[in-house]
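*Asks:* Shown below is the structure under consideration.
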Amino acid sequence: MKMKKDSNLYIFLYASILVIVVAAALSYTAETLKPIQQQNAKIEKIQNILKSVGIESTVSNAEELFNKYIPQENRIVINSKGEKAQGIEAFNIDQKAENYKTLEKRNLSLYIVKMDDGTTKTIIPLLGVGLWGPIWGYISLDTDNNTIYGAVFDHKGETPGLGAEISQTQFQKQFIGKTIFDGDKFVSITAYKGGKGAAIAAGNTKHGVDAISGGTITSKGLEKMIYDCLEGYQAYLKNK
Amino acid sequence: MSELFSKKNIKLLTDPLNENNPITVQVLGVCSALAVTVKVEPAIVMGISVMVVTAFANLIISLLRNTIPDRIRIIVQLVVVAALVIIVDQILKAFAYDVSKQLSVFVGLIITNCIIMGRLEAFALGNKPWSSFLDGIGNGAGYGIILIIISILREIFGSGTLTLPGLGELRIIPTMFYEFGYKNNGLMILPPMALIVVGLIIWYQRAKNKGLMETK
């Protein structure tokens, strides 16, 4: 049977076959490469966790360092009352799903790090929304469970030069030394609009940082993320 | 063998490197050339990715050229290019995760790179697979070379370093200079300076190559 190249039937058949072939090729590639990609994402997560307490790692030694500084028993899941939950792997918790739950029902993961100098720090994972998409990060608290020891933020697609600045060390350094409790009250961290020195101008040097000029929505999203994510840990942090 | 690398075929490969360069002569694909050239490593990876996509898109379209219905020609081209780009993106995510994060959306945007559709329409639809493949490699390489030149200039003057695949970040401007008051040129990191560098390359190329100068 000879079909005309410009007949409708030929065009439909051609398009259908092409799409099926392409779809098969794409699903094959995606499926074959998935394990490697997931491993990459896992390593990146570990590197970010370690970075929040100032431990620099490479792709090859990340897992080793993670096991050394944060052994399995120090990856903990708690509830909002501060009680430890059993049988849940802290590293594998789906943060997004937890954020949708009410505070009482959330499984809250945290990591306790034994530093080289013998002190312990607590790392809490964060997840929130920026302007264009999700933002996330890790915040580490000093031994007093109040002072911020380090913070790492990253984003999916914030505007380069504006919102994307949250992933810069320059911005993250501001958080070091700030406290999240004012006496007994949970106040979290506030981002002040107005460029450099805005937090000082607002008179909030203990719990305030300078927001990013031109990145107000991302900065406010970050502020909300820190508040929302730390809120559930209050009982645990105060207890210690 | 002599058939495969005849003078005409070699010309397909080398022409886009200079006299018919997609960026400096045809002025295509400038957008991504500005975006991914802050550091050398992403520029190299981007160049290779585009080369792979142009080469294989040209090859596939050329193989199919006699069967493609004219009315859905562009759609077929787009499907082929999009599929190749997604495959490249997935491979980068698996084997060059860091670079793929730096390139972010620009890998996906290879689809919209005018060089690719341009070569498919202008060359692959009317030529044999082998010459189309070479033409794709040549154009991809022509694009990549310009990207690498821009990124070398931008990284040396913008950050004082060179980031090469496998070697990591090498310091080019000695730290001693900074103590004497040398400062990195911040403008180099921003896209406008990349455009100026492209302009300078075009200027240099035309000054060297009289054949490219427009006559009145």
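Identifiers for the structure tokens are assigned positionally: chains receive A, B, ... in sequence, residues are indexed from 1 per chain, and ligands are indexed from 1 in the order shown.
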Using only C-alpha atoms, which chain B residues lie at most 8 Å away from chain A, written as a ChimeraX atom specification?

*Replies:* /B:67-72,76,79-80,83,86-87,90-91,93-95,97

*Asks:* What would the file look like if the residues just selected were written as a short mmCIF file (atom, residue, chain, number, x, y, z; two decimals), in the first residue's frame with all heavy atoms?

*Replies:*
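Heads up, here's the output in result15.cif:
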data_model
loop_
_atom_site.label_atom_id
_atom_site.label_comp_id
_atom_site.auth_asym_id
_atom_site.auth_seq_id
_atom_site.Cartn_x
_atom_site.Cartn_y
_atom_site.Cartn_z
N THR B 67 10.88 11.21 4.61
CA THR B 67 9.59 10.69 5.08
C THR B 67 8.77 11.75 5.82
O THR B 67 7.59 11.58 6.02
CB THR B 67 9.81 9.52 6.07
OG1 THR B 67 10.48 10.04 7.23
CG2 THR B 67 10.65 8.42 5.46
N ILE B 68 9.42 12.83 6.24
CA ILE B 68 8.71 13.82 7.05
C ILE B 68 7.66 14.54 6.21
O ILE B 68 7.97 15.12 5.17
CB ILE B 68 9.69 14.87 7.63
CG1 ILE B 68 10.69 14.17 8.54
CG2 ILE B 68 8.93 15.94 8.40
CD1 ILE B 68 11.79 15.10 9.05
N PRO B 69 6.39 14.50 6.65
CA PRO B 69 5.36 15.25 5.92
C PRO B 69 5.63 16.74 6.05
O PRO B 69 5.93 17.22 7.16
CB PRO B 69 4.07 14.87 6.65
CG PRO B 69 4.42 13.75 7.56
CD PRO B 69 5.86 13.81 7.82
N ASP B 70 5.52 17.43 4.97
CA ASP B 70 5.91 18.84 4.96
C ASP B 70 5.12 19.68 5.96
O ASP B 70 5.63 20.59 6.58
CB ASP B 70 5.72 19.40 3.54
CG ASP B 70 6.81 20.40 3.23
OD1 ASP B 70 7.92 20.24 3.78
OD2 ASP B 70 6.54 21.35 2.47
N ARG B 71 3.83 19.32 6.11
CA ARG B 71 2.94 20.14 6.93
C ARG B 71 3.32 20.10 8.42
O ARG B 71 3.01 21.04 9.15
CB ARG B 71 1.49 19.70 6.74
CG ARG B 71 0.88 20.28 5.48
CD ARG B 71 -0.61 20.15 5.52
NE ARG B 71 -1.02 18.81 5.09
CZ ARG B 71 -2.24 18.32 5.30
NH1 ARG B 71 -3.14 19.03 5.93
NH2 ARG B 71 -2.55 17.12 4.86
N ILE B 72 3.89 19.00 8.89
CA ILE B 72 4.25 18.95 10.32
C ILE B 72 5.78 18.91 10.49
O ILE B 72 6.29 18.43 11.50
CB ILE B 72 3.59 17.75 11.04
CG1 ILE B 72 4.00 16.44 10.36
CG2 ILE B 72 2.09 17.89 11.09
CD1 ILE B 72 3.72 15.23 11.23
N VAL B 76 7.90 17.96 13.92
CA VAL B 76 8.79 16.79 13.98
C VAL B 76 10.18 17.22 14.45
O VAL B 76 10.78 16.60 15.33
CB VAL B 76 8.88 16.10 12.60
CG1 VAL B 76 9.94 15.01 12.61
CG2 VAL B 76 7.53 15.51 12.22
N VAL B 79 10.11 17.91 18.17
CA VAL B 79 10.04 16.70 19.00
C VAL B 79 11.41 16.05 19.10
O VAL B 79 11.86 15.67 20.18
CB VAL B 79 9.00 15.70 18.41
CG1 VAL B 79 9.09 14.37 19.12
CG2 VAL B 79 7.61 16.27 18.53
N VAL B 80 12.10 15.96 17.97
CA VAL B 80 13.42 15.34 17.97
C VAL B 80 14.39 16.15 18.84
O VAL B 80 15.08 15.60 19.70
CB VAL B 80 13.96 15.23 16.52
CG1 VAL B 80 15.42 14.81 16.53
CG2 VAL B 80 13.14 14.21 15.74
N ALA B 83 13.52 15.89 22.57
CA ALA B 83 13.90 14.60 23.14
C ALA B 83 15.40 14.56 23.41
O ALA B 83 15.83 14.13 24.48
CB ALA B 83 13.49 13.48 22.18
N ILE B 86 16.31 16.66 26.45
CA ILE B 86 15.96 16.03 27.74
C ILE B 86 16.96 14.92 28.06
O ILE B 86 17.41 14.78 29.20
CB ILE B 86 14.52 15.50 27.71
CG1 ILE B 86 13.56 16.68 27.62
CG2 ILE B 86 14.22 14.69 28.97
CD1 ILE B 86 12.13 16.31 27.37
N ILE B 87 17.35 14.16 27.05
CA ILE B 87 18.34 13.10 27.29
C ILE B 87 19.65 13.71 27.79
O ILE B 87 20.23 13.26 28.79
CB ILE B 87 18.57 12.26 26.00
CG1 ILE B 87 17.30 11.45 25.71
CG2 ILE B 87 19.78 11.35 26.16
CD1 ILE B 87 17.33 10.70 24.41
N GLN B 90 19.23 14.83 31.38
CA GLN B 90 19.22 13.71 32.32
C GLN B 90 20.63 13.17 32.53
O GLN B 90 21.02 12.85 33.65
CB GLN B 90 18.33 12.58 31.78
CG GLN B 90 16.87 12.93 31.72
CD GLN B 90 16.24 13.00 33.09
OE1 GLN B 90 16.61 12.28 33.99
NE2 GLN B 90 15.31 13.93 33.28
N ILE B 91 21.40 13.09 31.45
CA ILE B 91 22.77 12.57 31.56
C ILE B 91 23.61 13.52 32.42
O ILE B 91 24.37 13.09 33.29
CB ILE B 91 23.38 12.37 30.16
CG1 ILE B 91 22.68 11.20 29.47
CG2 ILE B 91 24.88 12.11 30.25
CD1 ILE B 91 23.11 10.94 28.06
N LYS B 93 22.53 15.51 34.74
CA LYS B 93 22.08 15.40 36.13
C LYS B 93 22.68 14.17 36.80
O LYS B 93 22.90 14.14 38.00
CB LYS B 93 20.56 15.32 36.19
CG LYS B 93 19.92 16.69 36.23
CD LYS B 93 18.46 16.59 36.63
CE LYS B 93 17.80 17.94 36.49
NZ LYS B 93 16.54 17.85 35.74
N ALA B 94 22.93 13.13 36.00
CA ALA B 94 23.47 11.90 36.57
C ALA B 94 24.99 11.97 36.71
O ALA B 94 25.54 11.51 37.69
CB ALA B 94 23.06 10.71 35.71
N PHE B 95 25.66 12.54 35.72
CA PHE B 95 27.12 12.43 35.72
C PHE B 95 27.86 13.75 35.94
O PHE B 95 29.07 13.75 36.15
CB PHE B 95 27.59 11.77 34.42
CG PHE B 95 27.04 10.39 34.25
CD1 PHE B 95 26.07 10.12 33.30
CD2 PHE B 95 27.47 9.36 35.07
CE1 PHE B 95 25.55 8.85 33.16
CE2 PHE B 95 26.96 8.08 34.95
CZ PHE B 95 26.00 7.83 33.98
N TYR B 97 26.53 16.54 38.09
CA TYR B 97 25.46 17.15 38.87
C TYR B 97 25.71 18.63 39.17
O TYR B 97 24.84 19.46 39.00
CB TYR B 97 25.28 16.37 40.17
CG TYR B 97 24.06 16.74 40.95
CD1 TYR B 97 22.80 16.40 40.49
CD2 TYR B 97 24.18 17.42 42.15
CE1 TYR B 97 21.67 16.74 41.22
CE2 TYR B 97 23.05 17.77 42.87
CZ TYR B 97 21.80 17.43 42.40
OH TYR B 97 20.70 17.77 43.11
#

*Asks:* Find the residues near range 38-42 of chain B: any atom within 10 Å, counting only C-alpha atoms, skip ones fewer than 6 places away on the same chain, and give them as number ranges by chain.

*Replies:* B: 48, 98-103, 147-156, 158-159, 161-169, 188-191, 194

*Asks:* Since we have the selection now, will you write its residues out, keeping C-alpha atoms, as a PDB file, in the first residue's frame?

*Replies:*
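Everything below was put into selection_24.pdb:
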ATOM      1  CA  ILE B  48      29.552  20.034  24.299  1.00  0.00           C
ATOM      2  CA  ASP B  98      27.259  20.327  39.970  1.00  0.00           C
ATOM      3  CA  VAL B  99      27.605  21.696  36.478  1.00  0.00           C
ATOM      4  CA  SER B 100      24.025  20.792  35.676  1.00  0.00           C
ATOM      5  CA  LYS B 101      22.940  22.854  38.682  1.00  0.00           C
ATOM      6  CA  GLN B 102      24.953  25.832  37.464  1.00  0.00           C
ATOM      7  CA  LEU B 103      23.549  25.550  33.963  1.00  0.00           C
ATOM      8  CA  LEU B 147      31.603  30.318  24.617  1.00  0.00           C
ATOM      9  CA  ILE B 148      34.957  29.106  25.884  1.00  0.00           C
ATOM     10  CA  ILE B 149      36.803  32.234  24.701  1.00  0.00           C
ATOM     11  CA  ILE B 150      34.239  34.496  26.377  1.00  0.00           C
ATOM     12  CA  SER B 151      34.265  32.468  29.581  1.00  0.00           C
ATOM     13  CA  ILE B 152      38.076  32.454  29.830  1.00  0.00           C
ATOM     14  CA  LEU B 153      38.152  36.252  29.565  1.00  0.00           C
ATOM     15  CA  ARG B 154      35.245  36.688  31.957  1.00  0.00           C
ATOM     16  CA  GLU B 155      36.560  34.303  34.574  1.00  0.00           C
ATOM     17  CA  ILE B 156      40.133  35.619  34.590  1.00  0.00           C
ATOM     18  CA  GLY B 158      35.894  38.681  36.866  1.00  0.00           C
ATOM     19  CA  SER B 159      37.026  36.129  39.438  1.00  0.00           C
ATOM     20  CA  THR B 161      40.460  32.056  38.446  1.00  0.00           C
ATOM     21  CA  LEU B 162      39.977  29.401  35.783  1.00  0.00           C
ATOM     22  CA  THR B 163      37.657  26.471  36.499  1.00  0.00           C
ATOM     23  CA  LEU B 164      38.582  23.542  34.300  1.00  0.00           C
ATOM     24  CA  PRO B 165      36.851  20.171  34.254  1.00  0.00           C
ATOM     25  CA  GLY B 166      38.802  17.654  36.294  1.00  0.00           C
ATOM     26  CA  LEU B 167      41.258  20.234  37.601  1.00  0.00           C
ATOM     27  CA  GLY B 168      38.928  22.356  39.688  1.00  0.00           C
ATOM     28  CA  GLU B 169      39.457  26.030  40.328  1.00  0.00           C
ATOM     29  CA  MET B 188      32.798  40.944  34.035  1.00  0.00           C
ATOM     30  CA  ILE B 189      30.498  38.632  35.982  1.00  0.00           C
ATOM     31  CA  LEU B 190      27.367  40.346  34.688  1.00  0.00           C
ATOM     32  CA  PRO B 191      25.793  39.552  31.288  1.00  0.00           C
ATOM     33  CA  ALA B 194      29.631  39.249  28.019  1.00  0.00           C
TER      34      ALA B 194
END

*Asks:* From a DSSP calculation on the backbone, collect every residue of range 90-232 of chain A in alpha helix (DSSP H) and output the set as a PyMOL selection string.

*Replies:* chain A and resi 95-100+169-173+198-201+216-231

*Asks:* Find the residue from B:Asn139, B:Ser49, B:Asn9, B:Asn66 that sits nearest to Leu109 in chain B; use only C-alpha atoms when measuring.

*Replies:* B:Ser49
